[in-house]
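Each remark here refers to the structure printed beneath this line.
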Number of protein chains: 2
Amino acid sequence: MKPILTSTALGLVAVVLAGSALAGALTPEEQIETRQAGYTFMGWNMGKIKANLDGEYNPDQVAAAANTIAAIANSGMGALFGPGTDKDVGSVKTRVKPELFQNMEEVGQLSTDFKDAADNLAEVAAEGDPGAVKTAFGELGQACKACHKKYRADD
Amino acid sequence: MKPILTSTALGLVAVVLAGSALAGALTPEEQIETRQAGYTFMGWNMGKIKANLDGEYNPDQVAAAANTIAAIANSGMGALFGPGTDKDVGSVKTRVKPELFQNMEEVGQLSTDFKDAADNLAEVAAEGDPGAVKTAFGELGQACKACHKKYRADD
């Protein structure tokens with residue numbers, strides 16, 4: 001997996017945030033902001049894959065993007081849906097429906113389906129066949145929608 | 001790599017954002033927000049690794065966190081430092097110093113060093129030895145600092 005260009009000039013944000021994450025002790029605000037950061041970053045990588053499928057196909061860029069989505073999907077984001085994160089917290093807004101927190105068993109299955117679809121896309125992307133990537137990319141999008149229809153407001 | 005619990009209830013944000021990322025056409029605001037999302041998410045995973053090193057060590061959680069950091073580091077974040085992202089854009093603030101954009105060759109080397117340190121941490125974490133992870137984690141933190149001292153404001 002080769003990056004186009006990896007510029008990590010602000011990477012120490014990582015170390016700064018690490019303090020507040022000790023023992024997983026993120027505040028509800030931090031949990032909401034962190035899970036949204038994960039979805040935003042996955043979204044950017046989904047967009048790169050779509051751009052490759054719609055235009056010139058760079059297998060290295062697609063593989064890196066798919067690997068990033070899979071890694072984030074497997075990073076344990078469930079820990080970012082803790083107590084107090086089922087609604088806006090001060091100026092930190094969330095679109096999650098409170099119902100999500102009453103249906104964690106189903107949500108767990110939906111998230112496993114998403115993880116499996118992300119893992120499959122990463123495996124397919126590593127092989128470099130655009131047609132297979134298009135199929136796996138569509139399946140991943142469907143796995144997203146399956147949860148959003150039920151548990152994200154305005155969907 | 002096994003997640004503790006992967007809950008991806010809002011994953012369709014990915015597909016929504018994908019539209020604006022077609023052909024990589026992110027606005028300067030979106031580029032700043034997306035790179036900050038990447039650093040925020042890496043920060044959460046750095047924090048989990050530190051928590052594991054300071055407390056009870058869960059090799060699966062550490063491996064997943066290290067893999068996520070490495071994937072983000074290899075995702076081509078350089079594309080998120082485009083024209084117009086060297087300063088605040090409206091309400092979107094950035095701590096990057098304009099000097100970064102005049103020293104891309106050095107920044108490229110610093111980012112390669114960061115990527116290498118992240119890849120090394122992911123490889124070491126997969127082996128499950130806390131002592132080796134502690135060393136690789138420290139090296140990764142140093143790679144962050146090397147760039148921040150020069151190119152992030154307030155460092």
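By convention here, the chains of the structure tokens are called A, B, ... in the order presented, each chain's residues are numbered starting at 1, and ligands are numbered starting at 1 in the order presented.
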(message) Residues within 8 Å of Pro28 of chain A, please, as JSON, numbers by chain. Count only C-alpha atoms; anything in the same chain fewer than 5 positions from it doesn't count.
(response) {"A": [82, 83, 84, 85, 89]}
Once you have the residues from the selection above, write them out as a short mmCIF file (atom, residue, chain, number, x, y, z; two decimals), in the first residue's frame, restricted to N, CA, C and O atoms.
data_model
loop_
_atom_site.label_atom_id
_atom_site.label_comp_id
_atom_site.auth_asym_id
_atom_site.auth_seq_id
_atom_site.Cartn_x
_atom_site.Cartn_y
_atom_site.Cartn_z
N GLY A 82 -20.92 5.85 24.21
CA GLY A 82 -21.11 5.62 25.64
C GLY A 82 -22.26 6.43 26.21
O GLY A 82 -22.93 7.19 25.50
N PRO A 83 -22.49 6.28 27.51
CA PRO A 83 -23.56 7.02 28.21
C PRO A 83 -23.43 8.53 27.98
O PRO A 83 -22.32 9.07 28.01
N GLY A 84 -24.54 9.16 27.70
CA GLY A 84 -24.54 10.61 27.50
C GLY A 84 -24.26 11.05 26.08
O GLY A 84 -24.24 12.24 25.79
N THR A 85 -24.04 10.06 25.19
CA THR A 85 -23.74 10.43 23.79
C THR A 85 -24.95 10.20 22.87
O THR A 85 -24.82 10.18 21.65
N VAL A 89 -24.65 17.41 23.09
CA VAL A 89 -24.04 17.79 24.37
C VAL A 89 -23.49 19.21 24.19
O VAL A 89 -22.49 19.41 23.51
#
(message) Residues of segment 76-110 of chain B classed as helix (DSSP H, G or I) by DSSP on the backbone are to be reported as a list in words.
(response)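 After running DSSP on the backbone, segment 76-110 of chain B has helix (DSSP H, G or I) at Met77, Gly78, Ala79, Leu80, Pro98, Glu99, Leu100, Phe101, Gln102, Met104, Glu105, Glu106, Val107, Gly108, Gln109 and Leu110 of chain B.
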(request) Select, from A:Trp44, A:Gly138, A:Val107, A:Ile32, the residue with the minimum atom-to-atom distance to Ala79 of chain B, counting only C-alpha atoms. (result)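 That would be A:Trp44, the residue with the smallest distance to Ala79 of chain B.
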(request) Find the residues near segment 57-64 of chain A: any atom within 12 Å, counting only C-alpha atoms, skip ones fewer than 3 places away on the same chain, and give them as a PyMOL selection string. (result) (chain A and resi 1-6+42+44-54+67-71+118-131+133-134+137) or (chain B and resi 23-24+68+70-77+79)
For Thr94 of chain B, work out the shell of residues within 10 Å, counting only C-alpha atoms and skipping chain neighbours fewer than 5 positions away, then give it as a short mmCIF file (atom, residue, chain, number, x, y, z; two decimals) with C-alpha atoms, in the first residue's frame.
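Now in around_7.cif:
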data_model
loop_
_atom_site.label_atom_id
_atom_site.label_comp_id
_atom_site.auth_asym_id
_atom_site.auth_seq_id
_atom_site.Cartn_x
_atom_site.Cartn_y
_atom_site.Cartn_z
CA LEU A 10 -0.26 17.95 12.61
CA GLU B 29 -12.69 24.10 4.39
CA ILE B 32 -8.90 21.30 6.77
CA GLU B 33 -11.83 19.57 8.49
CA ARG B 35 -7.24 16.36 7.90
CA GLN B 36 -8.22 17.40 11.42
CA THR B 85 -5.61 25.57 3.44
CA ASP B 86 -2.62 27.42 4.87
CA LYS B 87 -4.79 29.65 7.06
CA ASP B 88 -8.21 29.79 8.73
CA VAL B 89 -11.09 29.67 6.25
CA ARG B 152 2.31 23.74 13.98
CA ALA B 153 1.50 26.97 15.76
#
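Take the candidates A:Met104, A:Cys147, A:Leu140, A:Val92 and check each one against chain B using only C-alpha atoms; the shortest distance goes to A:Cys147.
Between chain A and the candidates B:Ala37, B:Ala117, B:Ala146, B:Leu80, the tightest atom-to-atom separation, counting only C-alpha atoms, involves B:Ala37.
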(request) Point out the residue among B:Asp113, B:Tyr39, B:Pro98, B:Glu106 with the least atom-to-atom distance to chain A, counting only C-alpha atoms. (result) B:Tyr39
